[in-house]
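*Asks:* One structure follows; several queries about it will come next.
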Amino acid sequence: ATAPVMTIDGPGGAGKGTISRLIAERLGWHLLDSGALYRLTALAAGKHDVALDDEAALAEVAANLDVVFLAEGGATTVLLEGSDATTAIRTEQVGDAASRVAALPAVRQALLQRQRDFQNPPGLVADGRDMGTVVFIDAPLKIFLTASAQERAHRRHLQLREAGVDASLSSLLKEIQARDARDMQRSVAPLKPADDAITLDTTRLTIPEVVNRLTELLAERG
Ligand code: C5P
């Protein structure tokens, strides 16, 4: 594939999802939400009674994932085996299960080609943990988005409150720290910036500021 790729990696809650969607929209590029594939694998495993430590069976689930992403006017609807899974994949429980299945090499291998298939003209914004280090190693622009764990817990708290969910800030912070640790310490595709990535700390930046900065970087590099 020859289409350009902009990779956006970083820990959960750093704003990657929102930022990636806005940049893809602004550029008219495709969007890969790779975390959704791990979340869908975890959800499908639950549906088919596959244990979260049965690596071979989970890789089978990942390889056979029947998923459709329907992009419509800024929002994406996710269909798993024909039913709407858009909100079901966003729970903390599924996120936690996703980070467990994502630590298994056979699962990551099974999802590799599916992710690369998103690289189509005119370009791709790829959001995840290992987009720049593994999946799109030749991407001309690699971004590593971070924010302090406190700030990420705070953002998640606001997000949940808007959705009518009342979660405690301290338990969210603990969950974020546990997920960070698991994602950074795993032996396969651990979360870390690519050697050629540009790191942007978003702790004190607004969403439009981050989108503008990344669009500028793309213009400078492209
Ligand atoms: O980004 P999101 O929170 O949706 O990702 C859920 C989990 O999937 C992460 O905690 C991480 O363990 C895993 N993941 C991954 N590699 C990616 C994207 C997500 O390991 N490229």
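Lettering and numbering for the structure tokens are positional, with chains as A, B, ... in the shown order, residues counted from 1 in each chain, and ligands counted from 1 in the shown order.
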Give the residues close to ligand 1, within 8 Å, counting only C-alpha atoms and all ligand atoms; write them as an mmCIF file with C-alpha atoms, in the first residue's frame.
*Replies:*
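Written file, out24.cif:
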```cif
data_model
loop_
_atom_site.group_PDB
_atom_site.id
_atom_site.type_symbol
_atom_site.label_atom_id
_atom_site.label_comp_id
_atom_site.auth_asym_id
_atom_site.auth_seq_id
_atom_site.Cartn_x
_atom_site.Cartn_y
_atom_site.Cartn_z
ATOM 1 C CA ASP A 9 0.148 5.975 19.933
ATOM 2 C CA PRO A 11 -1.638 5.426 26.894
ATOM 3 C CA GLY A 12 -5.397 5.213 27.399
ATOM 4 C CA GLY A 13 -7.162 8.490 28.138
ATOM 5 C CA LYS A 16 -5.981 9.658 21.089
ATOM 6 C CA GLY A 17 -9.473 8.558 20.072
ATOM 7 C CA ASP A 33 -9.156 2.470 15.948
ATOM 8 C CA SER A 34 -6.954 -0.520 16.718
ATOM 9 C CA GLY A 35 -8.019 -0.604 20.377
ATOM 10 C CA ALA A 36 -11.544 -1.367 19.153
ATOM 11 C CA LEU A 37 -10.239 -4.565 17.534
ATOM 12 C CA TYR A 38 -8.788 -5.742 20.869
ATOM 13 C CA ARG A 39 -12.000 -4.718 22.645
ATOM 14 C CA ARG A 90 -16.529 1.020 25.702
ATOM 15 C CA GLY A 95 -11.225 -2.343 28.259
ATOM 16 C CA ASP A 96 -9.600 -4.375 30.997
ATOM 17 C CA ALA A 97 -10.318 -7.669 29.201
ATOM 18 C CA ALA A 98 -8.952 -6.114 25.982
ATOM 19 C CA SER A 99 -5.658 -5.267 27.649
ATOM 20 C CA ARG A 100 -5.380 -8.895 28.829
ATOM 21 C CA VAL A 101 -6.007 -10.439 25.405
ATOM 22 C CA ALA A 102 -3.722 -7.800 23.851
ATOM 23 C CA ALA A 103 -0.797 -9.195 25.882
ATOM 24 C CA ARG A 108 -1.659 -9.616 18.113
ATOM 25 C CA ASP A 127 -4.698 5.100 16.679
ATOM 26 C CA GLY A 128 -3.266 2.603 19.172
ATOM 27 C CA ARG A 129 -0.307 1.442 21.247
ATOM 28 C CA ASP A 130 2.020 -0.092 18.645
ATOM 29 C CA MET A 131 1.020 1.653 15.418
ATOM 30 C CA ARG A 179 -3.705 -0.605 32.508
ATOM 31 C CA ASP A 180 -0.600 1.533 31.816
ATOM 32 C CA ARG A 182 0.198 -3.910 31.855
ATOM 33 C CA ASP A 183 0.528 -2.194 28.455
ATOM 34 C CA ALA A 189 4.612 -4.816 21.436
ATOM 35 C CA PRO A 190 4.869 -2.923 24.740
ATOM 36 C CA LEU A 191 3.576 0.637 24.851
#
```
*Asks:* As an NGL selection string, please: all residues of range 27-222 of chain A that backbone DSSP puts in helix (DSSP H, G or I).
*Replies:* :A and (27 or 34-47 or 55-63 or 88-90 or 92-101 or 105-116 or 131-135 or 149-162 or 169-185 or 207-221)
*Asks:* Those residues with C-alpha atoms, as a CSV table (one decimal), in the first residue's frame please?
*Replies:*
```csv
chain,number,residue,atom,x,y,z
A,27,LEU,CA,-7.8,15.5,6.2
A,34,SER,CA,-7.0,-0.5,16.7
A,35,GLY,CA,-8.0,-0.6,20.4
A,36,ALA,CA,-11.5,-1.4,19.2
A,37,LEU,CA,-10.2,-4.6,17.5
A,38,TYR,CA,-8.8,-5.7,20.9
A,39,ARG,CA,-12.0,-4.7,22.6
A,40,LEU,CA,-14.1,-6.6,20.0
A,41,THR,CA,-11.9,-9.7,20.4
A,42,ALA,CA,-12.5,-9.6,24.2
A,43,LEU,CA,-16.2,-9.1,23.7
A,44,ALA,CA,-16.5,-11.9,21.1
A,45,ALA,CA,-14.5,-14.2,23.5
A,46,GLY,CA,-17.1,-13.5,26.2
A,47,LYS,CA,-20.0,-14.3,23.7
A,55,GLU,CA,-4.3,-18.0,23.8
A,56,ALA,CA,-4.9,-20.4,20.9
A,57,ALA,CA,-8.7,-20.1,21.1
A,58,LEU,CA,-8.5,-16.3,21.5
A,59,ALA,CA,-6.3,-16.1,18.4
A,60,GLU,CA,-8.9,-18.0,16.6
A,61,VAL,CA,-11.6,-15.6,17.8
A,62,ALA,CA,-9.4,-12.6,16.6
A,63,ALA,CA,-8.7,-14.2,13.2
A,88,ALA,CA,-20.7,-2.4,24.7
A,89,ILE,CA,-17.0,-2.2,23.8
A,90,ARG,CA,-16.5,1.0,25.7
A,92,GLU,CA,-14.1,-0.4,31.7
A,93,GLN,CA,-14.7,-4.1,32.0
A,94,VAL,CA,-14.2,-4.7,28.3
A,95,GLY,CA,-11.2,-2.3,28.3
A,96,ASP,CA,-9.6,-4.4,31.0
A,97,ALA,CA,-10.3,-7.7,29.2
A,98,ALA,CA,-9.0,-6.1,26.0
A,99,SER,CA,-5.7,-5.3,27.6
A,100,ARG,CA,-5.4,-8.9,28.8
A,101,VAL,CA,-6.0,-10.4,25.4
A,105,PRO,CA,1.4,-12.7,20.9
A,106,ALA,CA,-0.9,-15.0,18.9
A,107,VAL,CA,-3.8,-12.6,19.3
A,108,ARG,CA,-1.7,-9.6,18.1
A,109,GLN,CA,-0.4,-11.7,15.2
A,110,ALA,CA,-4.0,-12.6,14.2
A,111,LEU,CA,-5.0,-8.9,14.1
A,112,LEU,CA,-1.9,-7.6,12.2
A,113,GLN,CA,-3.1,-7.9,8.6
A,114,ARG,CA,-6.6,-6.7,9.4
A,115,GLN,CA,-5.0,-3.5,10.7
A,116,ARG,CA,-2.7,-3.1,7.7
A,131,MET,CA,1.0,1.7,15.4
A,132,GLY,CA,4.4,3.3,15.0
A,133,THR,CA,6.6,0.5,16.5
A,134,VAL,CA,5.0,-2.6,14.9
A,135,VAL,CA,2.1,-2.2,12.6
A,149,ALA,CA,-2.3,9.8,34.8
A,150,GLN,CA,-4.1,12.4,37.1
A,151,GLU,CA,-5.2,14.4,34.1
A,152,ARG,CA,-6.3,11.2,32.2
A,153,ALA,CA,-8.3,10.0,35.2
A,154,HIS,CA,-9.9,13.4,35.4
A,155,ARG,CA,-10.9,13.4,31.7
A,156,ARG,CA,-12.3,9.9,31.9
A,157,HIS,CA,-14.3,11.0,35.0
A,158,LEU,CA,-15.9,13.9,33.1
A,159,GLN,CA,-16.6,11.7,30.1
A,160,LEU,CA,-18.3,9.1,32.2
A,161,ARG,CA,-20.3,11.8,34.1
A,162,GLU,CA,-21.5,13.2,30.7
A,169,LEU,CA,-11.9,9.5,40.6
A,170,SER,CA,-9.5,7.5,42.7
A,171,SER,CA,-10.7,4.2,41.4
A,172,LEU,CA,-10.4,5.5,37.8
A,173,LEU,CA,-6.8,6.6,38.6
A,174,LYS,CA,-6.0,3.1,39.9
A,175,GLU,CA,-7.5,1.5,36.8
A,176,ILE,CA,-5.6,3.8,34.5
A,177,GLN,CA,-2.3,3.0,36.3
A,178,ALA,CA,-2.9,-0.7,36.2
A,179,ARG,CA,-3.7,-0.6,32.5
A,180,ASP,CA,-0.6,1.5,31.8
A,181,ALA,CA,1.6,-0.9,33.7
A,182,ARG,CA,0.2,-3.9,31.9
A,183,ASP,CA,0.5,-2.2,28.5
A,184,MET,CA,4.1,-1.0,29.1
A,185,GLN,CA,5.5,-4.1,30.7
A,207,ILE,CA,-8.3,19.4,21.9
A,208,PRO,CA,-8.3,22.1,19.2
A,209,GLU,CA,-4.7,23.0,20.2
A,210,VAL,CA,-3.6,19.3,19.8
A,211,VAL,CA,-5.4,18.9,16.5
A,212,ASN,CA,-3.7,22.2,15.2
A,213,ARG,CA,-0.3,21.2,16.4
A,214,LEU,CA,-0.5,17.7,14.7
A,215,THR,CA,-1.9,19.2,11.5
A,216,GLU,CA,1.1,21.6,11.4
A,217,LEU,CA,3.5,18.7,12.0
A,218,LEU,CA,2.0,16.8,9.1
A,219,ALA,CA,2.3,19.8,6.8
A,220,GLU,CA,6.0,20.3,7.8
A,221,ARG,CA,6.8,16.6,7.2
```
*Asks:* One number please: CA of Leu80 in chain A to CA of Asp49 in chain A, in Å, one decimal.
*Replies:* 15.5 Å
*Asks:* A:Thr202, A:Thr91, A:Ser187, A:Gln119: which is nearest Leu104 in chain A, counting only C-alpha atoms?
*Replies:*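 Smallest separation from Leu104 in chain A among the options: A:Ser187.
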*Asks:* Between A:Ala85, A:Leu52, A:Ala126, A:Leu145, which has the minimum distance to Leu205 in chain A (counting only C-alpha atoms)?
*Replies:*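 When distances to Leu205 in chain A are compared using only C-alpha atoms, the smallest one comes from A:Leu145.
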*Asks:* How many Å separate CA of Asp84 in chain A from CA of Phe69 in chain A?
*Replies:*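 Answer for the CA of Asp84 in chain A to CA of Phe69 in chain A separation: 10.1 Å.
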*Asks:* Rounded to one decimal place, report the CA of Thr146 in chain A-CA of Thr87 in chain A distance in Å.
*Replies:*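 Computed distance, CA of Thr146 in chain A to CA of Thr87 in chain A, equals 24.6 Å.
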*Asks:* Using DSSP assignments from the backbone, pull out every residue in range 3-76 of chain A that falls under strand (DSSP E or B) and give it to me as a PyMOL selection string.
*Replies:* chain A and resi 5-9+30-33+67-72+75-76
*Asks:* Please produce an output containing C-alpha atoms for each residue in the selection, written as a PDB file, in the first residue's frame.
*Replies:*
```pdb
ATOM      1  CA  VAL A   5      -0.011   6.871   7.449  1.00  0.00           C
ATOM      2  CA  MET A   6       0.040   9.055  10.547  1.00  0.00           C
ATOM      3  CA  THR A   7       0.374   6.920  13.667  1.00  0.00           C
ATOM      4  CA  ILE A   8      -0.944   8.151  17.016  1.00  0.00           C
ATOM      5  CA  ASP A   9       0.148   5.975  19.933  1.00  0.00           C
ATOM      6  CA  HIS A  30      -9.376   6.737   6.846  1.00  0.00           C
ATOM      7  CA  LEU A  31      -9.275   5.982  10.571  1.00  0.00           C
ATOM      8  CA  LEU A  32      -8.077   2.839  12.314  1.00  0.00           C
ATOM      9  CA  ASP A  33      -9.156   2.470  15.948  1.00  0.00           C
ATOM     10  CA  VAL A  67     -16.798  -6.899  12.444  1.00  0.00           C
ATOM     11  CA  VAL A  68     -18.023  -3.965  10.387  1.00  0.00           C
ATOM     12  CA  PHE A  69     -17.141  -0.312  11.052  1.00  0.00           C
ATOM     13  CA  LEU A  70     -19.809   2.028   9.696  1.00  0.00           C
ATOM     14  CA  ALA A  71     -18.589   5.626   9.542  1.00  0.00           C
ATOM     15  CA  GLU A  72     -21.430   8.111   9.358  1.00  0.00           C
ATOM     16  CA  ALA A  75     -19.517   8.854  14.506  1.00  0.00           C
ATOM     17  CA  THR A  76     -18.664   5.215  13.886  1.00  0.00           C
TER      18      THR A  76
END
```
